[in-house]
Amino acid sequence: MARSKLDTAIYATILLAPMVTAVAYIARTLEAPTIVEAQASPVLEASPPVLEPAPVPEVSPVAPAIEGTVASPEDLAALPAIPGAAMLVYEGQLVLVTEPDLAWATGRLRSPPNDFSVIASKAVDLAKLPAELAPLVNARVVVYAGDGSACTATTGAMTLYGREDGDILLYGNEGEPLDAAGMLGLRKDVFTRAQLLLARQSRVAEDGRTRRCEGVWARRADLPTPAVFGLRAQDPESERALEQQVLTAIGLLPEVASLRATYEADRADRYAPEDYPVWSAFLDETLTISRWDEIGGGRSVVNVEVGDGGEPCSDSFGEQRLLLFALQAGALVQQPGGGFSRPLAIMDLEGDGRLEFVGDGGALVRSQQEDAALQSYSFPYHGCGC
């Protein structure tokens, strides 16, 4: 593929010039009572021995691999560069490309009314798409939800989509509301910075009607089936037991000890330290634990977040620690590389034991091992300059 704006958007992030901008990647492993050194288990094994496989949530089975799919180690390694190997879902549509080429657009500008954002989009002429995106036209895709359930859909109409947020956009230099001509100019300007190539996706439901699949990420159905982890809902007793196991485990970790020291120093330096929670209360307030079970497999991981990351435009304490554990034979085995911030989905795209995740409100797919966004987008915010 020629190096173009498409390459810059999708693969500049991953240093793979030959492909489409962004593909999806996502996070690592965890579970319970004793803590084992990370060096003892550097990566979550593809099929770790588990004495009693953890029950998985009752969800729809993952779609079986399609016959004729490529599954050699070389082909699996090439997956990040394949369009559609992992796609985010934005407002029910698939994110095929970030920072697309405006030359793909056709027809009139569309801009739905919005009190806070300016949205500008145009339809896509499929004949103008580069050859490497052809597999995404009328393609079968599997859309995955956070609980690991899956739904097979077909891609449909495509759109170039631009959006910028902040009601300050809607006013002129003197604070006066933009007139019709001013709004049209603004919408055209926003479209010149379109962030996404989107594709509708739909399936035929049991009642014969067309409905879209609900989920947070998707993958072409003709590619090897990934290992998918589903968020496990736990009863209160199990939740409390897991929390105690985690507290025991992280109490031994230098990462958490350093966070505690930093927090207590920050608190002591405040004008009124008594107005801020002591460490034990801060830990209790910010500790977030989630367990993820492999759908159709025996692996389980536990993601741990300590600290809430602070608040933008504030002087609140902003440090946190993200930890990942594999649950193996009743032991929490710490995994290298850390955990994930507010994961919406966790998966193993290449079957190599290194997990990926969707997080940050679904706005990015990140490889934990690489610590780099493989597909991401953001919309400019025109508001406070903090």
# chains A, B, ... in the order shown; residues from 1 in each chain; ligands from 1
>>> residues_around(residues="stretch 274-278 of chain A", least_positions_apart="2", cutoff="12 Å", atoms="only C-alpha atoms", output="list in words")
Arg260, Ala261, Tyr263, Glu264, Ala265, Asp266, Arg267, Ala268, Asp269, Arg270, Tyr271, Ala272, Ser280, Ala281, Phe282, Leu283, Asp284, Glu285, Thr286, Ser316 and Phe317 of chain A
>>> atom_distance(atom1="atom CA of A:Phe357", atom2="atom CA of A:Pro135")
23.9 Å
>>> atom_distance(atom1="atom CA of A:Arg187", atom2="atom CA of A:Leu88")
24.9 Å
>>> select_by_dssp(residues="stretch 133-370 of chain A", states="strand (DSSP E)", output="PyMOL selection string")
chain A and resi 140-144+150-165+196-204+210-211+217-220+227-231+288-294+300-306+321-328+331-334+345-348+356-359+364-367
>>> residues_around(residues="A:Leu322", least_positions_apart="2", cutoff="8 Å", atoms="only C-alpha atoms", output="list in words")
Asn303, Val304, Glu305, Val306, Gln320, Leu324, Gly338, Gly339, Phe340 and Ser341 of chain A
>>> closest_residue(among="A:Arg193, A:Arg140, A:Arg203, A:Arg240", to="A:Ala120", atoms="only C-alpha atoms")
A:Arg193
>>> atom_distance(atom1="atom CA of A:Glu350", atom2="atom CA of A:Pro226")
6.6 Å
>>> decode(residues="stretch 309-322 of chain A", atoms="C-alpha atoms", output="PDB file, in the first residue's frame")
ATOM      1  CA  GLY A 309      -6.036   8.798  37.828  1.00  0.00           C
ATOM      2  CA  GLY A 310      -7.132  12.163  39.205  1.00  0.00           C
ATOM      3  CA  GLU A 311      -9.384  14.739  37.561  1.00  0.00           C
ATOM      4  CA  PRO A 312      -8.529  16.963  34.575  1.00  0.00           C
ATOM      5  CA  CYS A 313      -8.044  20.637  35.422  1.00  0.00           C
ATOM      6  CA  SER A 314      -7.660  19.922  39.132  1.00  0.00           C
ATOM      7  CA  ASP A 315      -4.895  19.447  41.664  1.00  0.00           C
ATOM      8  CA  SER A 316      -6.263  16.097  42.850  1.00  0.00           C
ATOM      9  CA  PHE A 317      -3.829  13.217  43.270  1.00  0.00           C
ATOM     10  CA  GLY A 318      -3.458  11.718  39.833  1.00  0.00           C
ATOM     11  CA  GLU A 319      -1.111   8.752  40.105  1.00  0.00           C
ATOM     12  CA  GLN A 320      -2.360   5.177  39.890  1.00  0.00           C
ATOM     13  CA  ARG A 321      -1.065   1.660  39.437  1.00  0.00           C
ATOM     14  CA  LEU A 322      -2.452  -0.867  36.958  1.00  0.00           C
TER      15      LEU A 322
END
